[in-house]
Amino acid sequence: MAQKPKVVVTRKLPDPVETRMRELFDTELNPTDRAMTPDELVDALQRADVLVPTVTDRIDSRILSRAGPNLRLIANFGAGVDNIDVATANARGVTVTNTPGVLTEDTADMTMALILAAARRVVEGAQVVQTGGFSGWSPTWMLGRRIAGKRLGIIGMGRIGQAVARRAKAFGLSIHYHNRKPVSPRISDELEATYWESLDQMLARMDVISINCPHTPGTFHLLSARRLKLLQPHAIVVNTARGEVIDEPALANMLARGEIAGAGLDVYENEPAINPKLLKLPNVVLLPHMGSATVESRIDMGEKVIINIKTFMDGHRPPDRVIPAML
Ligand code: 8YV
């Protein structure tokens, strides 16, 4: 290509990714890592051929309507694209790509960490020690619940859901799942997984629930107040997907009233805000959206972004093009 495309990156990315981007493109970086305001995002969309946003940039139809004529690609640094109005972008001739696959294993690890932490009171125990409260072993103190032999219900059996299932099976959990359609017999046999067409019926029978589906208009508040009430009182809910999939105030109320046993949350409905009720509860483990936060994942995500931009600019179909019908 004669002229390098103007690529505007909204947040600080890992150094090797930024170095490579500067070699390949006319790249504008954000060394401060401060998230852009909506007006700054509009400015960026006006001068860019390619925008590289993250989950913290909300690219809605209002912002897209003010994009410049050169904008042709939004190469999201992240798998979830609920921050972008993909249909409006496409209607304006702007392609959207994401970074699936490379954060699967790390997000699945974090899901298991939250299942274990919530069931075995890992954070509570660590806090006791760190605050000098460990005065010796007791047969009846800090008792959690065993996870082996329990039923795990996975909502969303895509790449990450399946990676969670493989891990959970090794920990002795039986695998159940709700998905738009059943997985292939090969995968189902490997995981010894039971498909529940009815989410309501699955919820009522599980010990642990893990959310692993994307946030779309169809999954917003999938775990509504009504559905949360179907859970058994000893159930634990874990979410490493998107906060919007759960009615967060309803979940917080049920946890506070002891109507379910615990939760492990990495994501929230209005990040970075967290329902204040959740912060006060002993039976929740709260993490700051760090499911894919490994050096390896973030570098691989950057490499995917680069491949998507390069392929697109070379006139080919980028490998991770997001098709609205898939959402
Ligand atoms: C990313 C994520 O950190 O990829 C996703 O969908 O939720 C996270 O793993 C974030 O999206 C980066 O934009």
# chains A, B, ... in the order shown; residues from 1 in each chain; ligands from 1
>>> residues_near_ligand(ligand="ligand 1", cutoff="9 Å", atoms="only C-alpha atoms and all ligand atoms", output="VMD selection string")
chain A and resid 53 to 57 76 to 83 98 to 100 103 to 104 106 to 107 214 240 to 242 267 289 to 293 297 to 298 301
>>> residues_around(residues="Glu269 in chain A", least_positions_apart="4", cutoff="10 Å", atoms="only C-alpha atoms", output="PyMOL selection string")
chain A and resi 220-221+242-249+273-275
>>> write_last_selection(atoms="C-alpha atoms", output="PDB file, in the first residue's frame")
ATOM      1  CA  PHE A 220     -29.431  -8.607  28.518  1.00  0.00           C
ATOM      2  CA  HIS A 221     -30.655  -9.576  32.029  1.00  0.00           C
ATOM      3  CA  ARG A 242     -20.541  -9.255  30.911  1.00  0.00           C
ATOM      4  CA  GLY A 243     -22.313  -7.696  33.874  1.00  0.00           C
ATOM      5  CA  GLU A 244     -25.372  -6.858  31.805  1.00  0.00           C
ATOM      6  CA  VAL A 245     -26.291 -10.540  31.532  1.00  0.00           C
ATOM      7  CA  ILE A 246     -27.343 -10.492  35.232  1.00  0.00           C
ATOM      8  CA  ASP A 247     -29.795  -8.125  36.916  1.00  0.00           C
ATOM      9  CA  GLU A 248     -27.097  -6.916  39.333  1.00  0.00           C
ATOM     10  CA  PRO A 249     -29.370  -5.225  41.927  1.00  0.00           C
ATOM     11  CA  ALA A 273     -19.314   1.195  39.254  1.00  0.00           C
ATOM     12  CA  ILE A 274     -20.316  -1.778  41.381  1.00  0.00           C
ATOM     13  CA  ASN A 275     -23.617  -2.109  43.196  1.00  0.00           C
TER      14      ASN A 275
END
>>> residues_around(residues="Gln232 in chain A", least_positions_apart="2", cutoff="9 Å", atoms="only C-alpha atoms", output="number ranges by chain")
A: 203-207, 229-230, 234-236, 259-261
>>> atom_distance(atom1="CA of Arg20 in chain A", atom2="CA of Ile299 in chain A")
10.9 Å
>>> select_by_dssp(residues="range 11-158 of chain A", states="strand (DSSP E)", output="ChimeraX atom specification")
/A:26-28,50-52,73-75,95-97,151-155
>>> write_last_selection(atoms="all heavy atoms", output="short mmCIF file (atom, residue, chain, number, x, y, z; two decimals), in the first residue's frame")
data_model
loop_
_atom_site.label_atom_id
_atom_site.label_comp_id
_atom_site.auth_asym_id
_atom_site.auth_seq_id
_atom_site.Cartn_x
_atom_site.Cartn_y
_atom_site.Cartn_z
N ASP A 26 0.64 4.16 10.31
CA ASP A 26 0.80 5.52 10.85
C ASP A 26 -0.03 5.55 12.13
O ASP A 26 -1.22 5.88 12.12
CB ASP A 26 0.28 6.52 9.80
CG ASP A 26 0.21 7.93 10.36
OD1 ASP A 26 0.78 8.17 11.44
OD2 ASP A 26 -0.43 8.78 9.71
N THR A 27 0.62 5.13 13.24
CA THR A 27 -0.14 4.83 14.46
C THR A 27 -0.09 5.96 15.46
O THR A 27 0.96 6.51 15.76
CB THR A 27 0.44 3.54 15.12
OG1 THR A 27 0.48 2.52 14.13
CG2 THR A 27 -0.42 3.09 16.29
N GLU A 28 -1.27 6.27 16.00
CA GLU A 28 -1.36 7.26 17.07
C GLU A 28 -1.68 6.52 18.36
O GLU A 28 -2.75 5.91 18.47
CB GLU A 28 -2.50 8.22 16.71
CG GLU A 28 -2.44 9.53 17.43
CD GLU A 28 -3.64 10.39 17.01
OE1 GLU A 28 -3.72 10.78 15.83
OE2 GLU A 28 -4.49 10.63 17.86
N VAL A 50 -8.52 3.72 10.72
CA VAL A 50 -8.80 2.55 11.55
C VAL A 50 -8.81 2.99 13.01
O VAL A 50 -7.88 3.66 13.46
CB VAL A 50 -7.70 1.47 11.38
CG1 VAL A 50 -7.99 0.26 12.25
CG2 VAL A 50 -7.55 1.06 9.92
N LEU A 51 -9.84 2.60 13.75
CA LEU A 51 -9.85 2.87 15.19
C LEU A 51 -9.64 1.54 15.92
O LEU A 51 -10.24 0.52 15.55
CB LEU A 51 -11.20 3.47 15.63
CG LEU A 51 -11.22 3.88 17.11
CD1 LEU A 51 -10.55 5.24 17.29
CD2 LEU A 51 -12.63 3.91 17.67
N VAL A 52 -8.79 1.57 16.95
CA VAL A 52 -8.60 0.38 17.79
C VAL A 52 -9.13 0.71 19.19
O VAL A 52 -8.41 1.26 20.01
CB VAL A 52 -7.10 -0.03 17.83
CG1 VAL A 52 -6.93 -1.27 18.73
CG2 VAL A 52 -6.59 -0.33 16.43
N LEU A 73 -12.42 0.89 9.25
CA LEU A 73 -12.32 -0.33 10.08
C LEU A 73 -12.28 0.04 11.57
O LEU A 73 -11.58 0.98 11.97
CB LEU A 73 -11.03 -1.09 9.71
CG LEU A 73 -10.70 -2.33 10.54
CD1 LEU A 73 -11.73 -3.45 10.33
CD2 LEU A 73 -9.29 -2.84 10.21
N ILE A 74 -13.05 -0.70 12.36
CA ILE A 74 -12.93 -0.62 13.82
C ILE A 74 -12.41 -1.99 14.25
O ILE A 74 -13.12 -3.00 14.15
CB ILE A 74 -14.29 -0.30 14.48
CG1 ILE A 74 -14.78 1.07 14.02
CG2 ILE A 74 -14.16 -0.34 16.01
CD1 ILE A 74 -16.16 1.46 14.55
N ALA A 75 -11.14 -2.01 14.67
CA ALA A 75 -10.49 -3.27 15.05
C ALA A 75 -10.46 -3.34 16.57
O ALA A 75 -9.50 -2.88 17.20
CB ALA A 75 -9.09 -3.35 14.43
N THR A 95 -16.18 -1.75 8.62
CA THR A 95 -16.04 -3.14 9.06
C THR A 95 -15.63 -3.16 10.53
O THR A 95 -14.91 -2.28 10.99
CB THR A 95 -14.97 -3.84 8.19
OG1 THR A 95 -15.43 -3.83 6.83
CG2 THR A 95 -14.71 -5.27 8.63
N VAL A 96 -16.10 -4.18 11.27
CA VAL A 96 -15.71 -4.34 12.67
C VAL A 96 -15.05 -5.71 12.84
O VAL A 96 -15.56 -6.72 12.33
CB VAL A 96 -16.94 -4.23 13.60
CG1 VAL A 96 -16.55 -4.46 15.06
CG2 VAL A 96 -17.64 -2.87 13.44
N THR A 97 -13.92 -5.73 13.56
CA THR A 97 -13.27 -7.02 13.88
C THR A 97 -13.05 -7.09 15.39
O THR A 97 -13.08 -6.07 16.08
CB THR A 97 -11.90 -7.17 13.17
OG1 THR A 97 -11.04 -6.09 13.56
CG2 THR A 97 -12.05 -7.19 11.67
N ARG A 151 -23.10 -29.98 40.44
CA ARG A 151 -23.54 -29.74 39.06
C ARG A 151 -23.21 -28.31 38.65
O ARG A 151 -23.65 -27.37 39.31
CB ARG A 151 -25.06 -29.90 38.97
CG ARG A 151 -25.52 -31.30 39.21
CD ARG A 151 -27.02 -31.33 39.32
NE ARG A 151 -27.52 -32.61 38.89
CZ ARG A 151 -28.69 -32.82 38.29
NH1 ARG A 151 -29.50 -31.81 38.04
NH2 ARG A 151 -29.05 -34.02 37.94
N LEU A 152 -22.49 -28.19 37.55
CA LEU A 152 -22.18 -26.86 37.00
C LEU A 152 -23.06 -26.60 35.79
O LEU A 152 -23.08 -27.40 34.85
CB LEU A 152 -20.70 -26.80 36.58
CG LEU A 152 -20.30 -25.56 35.76
CD1 LEU A 152 -20.42 -24.28 36.59
CD2 LEU A 152 -18.85 -25.70 35.24
N GLY A 153 -23.78 -25.51 35.81
CA GLY A 153 -24.60 -25.10 34.67
C GLY A 153 -23.94 -23.93 33.95
O GLY A 153 -23.80 -22.85 34.50
N ILE A 154 -23.52 -24.18 32.71
CA ILE A 154 -22.81 -23.16 31.94
C ILE A 154 -23.82 -22.49 31.00
O ILE A 154 -24.51 -23.17 30.24
CB ILE A 154 -21.65 -23.79 31.14
CG1 ILE A 154 -20.64 -24.40 32.11
CG2 ILE A 154 -20.99 -22.76 30.22
CD1 ILE A 154 -19.52 -25.17 31.43
N ILE A 155 -23.89 -21.17 31.07
CA ILE A 155 -24.79 -20.44 30.17
C ILE A 155 -23.92 -19.86 29.06
O ILE A 155 -23.12 -18.96 29.30
CB ILE A 155 -25.54 -19.33 30.94
CG1 ILE A 155 -26.36 -19.95 32.07
CG2 ILE A 155 -26.42 -18.52 29.97
CD1 ILE A 155 -27.12 -18.95 32.92
#
>>> residues_around(residues="Asn179 in chain A", least_positions_apart="5", cutoff="12 Å", atoms="only C-alpha atoms", output="list in words")
Gly153, Ile154, Ile155, Gly156, Met157, Gly158, Gly161, Gln162, Ser184, Ala193, Thr194, Tyr195, Trp196, Glu197, Ser198, Leu199, Met202, Ile211, Asn212, Cys213, Pro214, Thr219 and Leu222 of chain A
>>> write_last_selection(atoms="N, CA and C atoms", output="compact mmCIF listing (two decimals), in the first residue's frame")
# COMPACT_ATOMS: atom_id res chain seq x y z
N GLY A 153 -23.78 -25.51 35.81
CA GLY A 153 -24.60 -25.10 34.67
C GLY A 153 -23.94 -23.93 33.95
N ILE A 154 -23.52 -24.18 32.71
CA ILE A 154 -22.81 -23.16 31.94
C ILE A 154 -23.82 -22.49 31.00
N ILE A 155 -23.89 -21.17 31.07
CA ILE A 155 -24.79 -20.44 30.17
C ILE A 155 -23.92 -19.86 29.06
N GLY A 156 -24.04 -20.44 27.86
CA GLY A 156 -23.19 -20.01 26.74
C GLY A 156 -22.07 -21.01 26.55
N MET A 157 -22.24 -21.92 25.60
CA MET A 157 -21.25 -23.00 25.42
C MET A 157 -20.42 -22.76 24.16
N GLY A 158 -19.87 -21.57 24.05
CA GLY A 158 -18.93 -21.27 22.97
C GLY A 158 -17.54 -21.69 23.40
N GLY A 161 -17.02 -21.20 27.26
CA GLY A 161 -17.86 -22.14 28.01
C GLY A 161 -17.29 -23.55 27.95
N GLN A 162 -16.84 -23.95 26.77
CA GLN A 162 -16.27 -25.30 26.63
C GLN A 162 -14.95 -25.44 27.40
N SER A 184 -21.70 -30.03 19.27
CA SER A 184 -21.61 -31.23 18.44
C SER A 184 -21.53 -32.47 19.34
N ALA A 193 -21.55 -33.79 28.69
CA ALA A 193 -22.36 -32.61 29.02
C ALA A 193 -23.83 -32.85 28.73
N THR A 194 -24.67 -32.31 29.59
CA THR A 194 -26.13 -32.40 29.41
C THR A 194 -26.65 -31.05 28.91
N TYR A 195 -27.38 -31.10 27.80
CA TYR A 195 -27.94 -29.86 27.22
C TYR A 195 -29.32 -29.59 27.80
N TRP A 196 -29.53 -28.37 28.25
CA TRP A 196 -30.84 -27.94 28.74
C TRP A 196 -31.38 -26.89 27.78
N GLU A 197 -32.43 -27.26 27.08
CA GLU A 197 -33.04 -26.27 26.20
C GLU A 197 -33.70 -25.17 27.04
N SER A 198 -34.25 -25.58 28.18
CA SER A 198 -34.91 -24.62 29.07
C SER A 198 -33.93 -24.11 30.11
N LEU A 199 -33.60 -22.81 30.02
CA LEU A 199 -32.71 -22.21 31.03
C LEU A 199 -33.37 -22.29 32.40
N MET A 202 -32.86 -25.64 33.95
CA MET A 202 -31.46 -25.87 34.35
C MET A 202 -31.16 -25.11 35.64
N ILE A 211 -21.65 -17.84 33.86
CA ILE A 211 -22.08 -17.09 32.67
C ILE A 211 -20.91 -16.99 31.71
N ASN A 212 -21.09 -17.51 30.50
CA ASN A 212 -20.04 -17.47 29.49
C ASN A 212 -20.58 -17.10 28.12
N CYS A 213 -21.67 -16.37 28.09
CA CYS A 213 -22.24 -15.95 26.80
C CYS A 213 -21.93 -14.47 26.57
N PRO A 214 -21.97 -14.02 25.32
CA PRO A 214 -21.77 -12.58 25.09
C PRO A 214 -22.98 -11.77 25.55
N THR A 219 -29.36 -11.36 25.39
CA THR A 219 -28.90 -11.90 26.67
C THR A 219 -28.91 -10.85 27.78
N LEU A 222 -30.48 -11.82 31.12
CA LEU A 222 -30.91 -13.21 30.96
C LEU A 222 -31.15 -13.81 32.35
>>> closest_residue(among="A:Gly101, A:Leu41, A:Ala325, A:Ser188", to="Ala165 in chain A", atoms="only C-alpha atoms")
A:Ser188
>>> residues_around(residues="Trp141 in chain A", least_positions_apart="5", cutoff="12 Å", atoms="only C-alpha atoms", output="PyMOL selection string")
chain A and resi 120-121+124-125+128+134-136
>>> select_by_dssp(residues="range 188-219 of chain A", states="helix (DSSP H, G or I)", output="list in words")
Ser188, Asp189, Glu190, Leu191, Leu199, Asp200, Gln201, Met202 and Leu203 of chain A
>>> write_last_selection(atoms="N, CA, C and O atoms", output="mmCIF file, in the first residue's frame")
data_model
loop_
_atom_site.group_PDB
_atom_site.id
_atom_site.type_symbol
_atom_site.label_atom_id
_atom_site.label_comp_id
_atom_site.auth_asym_id
_atom_site.auth_seq_id
_atom_site.Cartn_x
_atom_site.Cartn_y
_atom_site.Cartn_z
ATOM 1 N N SER A 188 -19.901 -32.849 23.072
ATOM 2 C CA SER A 188 -20.815 -33.240 24.140
ATOM 3 C C SER A 188 -20.352 -34.545 24.800
ATOM 4 O O SER A 188 -20.381 -34.686 26.025
ATOM 5 N N ASP A 189 -19.887 -35.489 23.975
ATOM 6 C CA ASP A 189 -19.400 -36.761 24.529
ATOM 7 C C ASP A 189 -18.129 -36.548 25.340
ATOM 8 O O ASP A 189 -17.965 -37.101 26.425
ATOM 9 N N GLU A 190 -17.223 -35.737 24.791
ATOM 10 C CA GLU A 190 -15.952 -35.481 25.482
ATOM 11 C C GLU A 190 -16.212 -34.893 26.869
ATOM 12 O O GLU A 190 -15.572 -35.252 27.845
ATOM 13 N N LEU A 191 -17.174 -33.985 26.933
ATOM 14 C CA LEU A 191 -17.439 -33.275 28.194
ATOM 15 C C LEU A 191 -18.482 -33.987 29.051
ATOM 16 O O LEU A 191 -18.736 -33.565 30.176
ATOM 17 N N LEU A 199 -33.596 -22.812 30.021
ATOM 18 C CA LEU A 199 -32.714 -22.212 31.027
ATOM 19 C C LEU A 199 -33.368 -22.286 32.404
ATOM 20 O O LEU A 199 -32.704 -22.580 33.404
ATOM 21 N N ASP A 200 -34.658 -22.026 32.469
ATOM 22 C CA ASP A 200 -35.357 -22.049 33.764
ATOM 23 C C ASP A 200 -35.175 -23.399 34.456
ATOM 24 O O ASP A 200 -34.877 -23.466 35.648
ATOM 25 N N GLN A 201 -35.355 -24.464 33.682
ATOM 26 C CA GLN A 201 -35.251 -25.796 34.293
ATOM 27 C C GLN A 201 -33.826 -26.080 34.745
ATOM 28 O O GLN A 201 -33.605 -26.669 35.796
ATOM 29 N N MET A 202 -32.855 -25.639 33.953
ATOM 30 C CA MET A 202 -31.464 -25.872 34.351
ATOM 31 C C MET A 202 -31.156 -25.106 35.643
ATOM 32 O O MET A 202 -30.569 -25.663 36.579
ATOM 33 N N LEU A 203 -31.553 -23.849 35.706
ATOM 34 C CA LEU A 203 -31.224 -23.021 36.872
ATOM 35 C C LEU A 203 -31.700 -23.665 38.169
ATOM 36 O O LEU A 203 -31.000 -23.633 39.187
#
>>> decode(residues="range 247-259 of chain A", atoms="N, CA and C atoms", output="PDB file, in the first residue's frame")
ATOM      1  N   ASP A 247     -29.184  -9.272  36.247  1.00  0.00           N
ATOM      2  CA  ASP A 247     -29.795  -8.125  36.916  1.00  0.00           C
ATOM      3  C   ASP A 247     -29.021  -7.945  38.236  1.00  0.00           C
ATOM      4  N   GLU A 248     -28.040  -7.018  38.210  1.00  0.00           N
ATOM      5  CA  GLU A 248     -27.097  -6.916  39.333  1.00  0.00           C
ATOM      6  C   GLU A 248     -27.783  -6.524  40.651  1.00  0.00           C
ATOM      7  N   PRO A 249     -28.700  -5.541  40.650  1.00  0.00           N
ATOM      8  CA  PRO A 249     -29.370  -5.225  41.927  1.00  0.00           C
ATOM      9  C   PRO A 249     -30.160  -6.420  42.476  1.00  0.00           C
ATOM     10  N   ALA A 250     -30.793  -7.179  41.583  1.00  0.00           N
ATOM     11  CA  ALA A 250     -31.561  -8.349  42.052  1.00  0.00           C
ATOM     12  C   ALA A 250     -30.623  -9.391  42.647  1.00  0.00           C
ATOM     13  N   LEU A 251     -29.470  -9.600  41.997  1.00  0.00           N
ATOM     14  CA  LEU A 251     -28.486 -10.554  42.522  1.00  0.00           C
ATOM     15  C   LEU A 251     -27.991 -10.106  43.895  1.00  0.00           C
ATOM     16  N   ALA A 252     -27.658  -8.808  44.005  1.00  0.00           N
ATOM     17  CA  ALA A 252     -27.147  -8.286  45.279  1.00  0.00           C
ATOM     18  C   ALA A 252     -28.186  -8.472  46.383  1.00  0.00           C
ATOM     19  N   ASN A 253     -29.439  -8.210  46.084  1.00  0.00           N
ATOM     20  CA  ASN A 253     -30.492  -8.375  47.101  1.00  0.00           C
ATOM     21  C   ASN A 253     -30.604  -9.821  47.547  1.00  0.00           C
ATOM     22  N   MET A 254     -30.552 -10.740  46.593  1.00  0.00           N
ATOM     23  CA  MET A 254     -30.689 -12.157  46.961  1.00  0.00           C
ATOM     24  C   MET A 254     -29.491 -12.629  47.780  1.00  0.00           C
ATOM     25  N   LEU A 255     -28.289 -12.147  47.427  1.00  0.00           N
ATOM     26  CA  LEU A 255     -27.095 -12.532  48.196  1.00  0.00           C
ATOM     27  C   LEU A 255     -27.192 -11.976  49.618  1.00  0.00           C
ATOM     28  N   ALA A 256     -27.659 -10.725  49.725  1.00  0.00           N
ATOM     29  CA  ALA A 256     -27.757 -10.081  51.039  1.00  0.00           C
ATOM     30  C   ALA A 256     -28.773 -10.804  51.925  1.00  0.00           C
ATOM     31  N   ARG A 257     -29.829 -11.323  51.297  1.00  0.00           N
ATOM     32  CA  ARG A 257     -30.866 -12.012  52.081  1.00  0.00           C
ATOM     33  C   ARG A 257     -30.553 -13.497  52.275  1.00  0.00           C
ATOM     34  N   GLY A 258     -29.401 -13.944  51.737  1.00  0.00           N
ATOM     35  CA  GLY A 258     -29.027 -15.357  51.882  1.00  0.00           C
ATOM     36  C   GLY A 258     -29.885 -16.290  51.041  1.00  0.00           C
ATOM     37  N   GLU A 259     -30.500 -15.757  49.997  1.00  0.00           N
ATOM     38  CA  GLU A 259     -31.356 -16.609  49.160  1.00  0.00           C
ATOM     39  C   GLU A 259     -30.544 -17.432  48.169  1.00  0.00           C
TER      40      GLU A 259
END
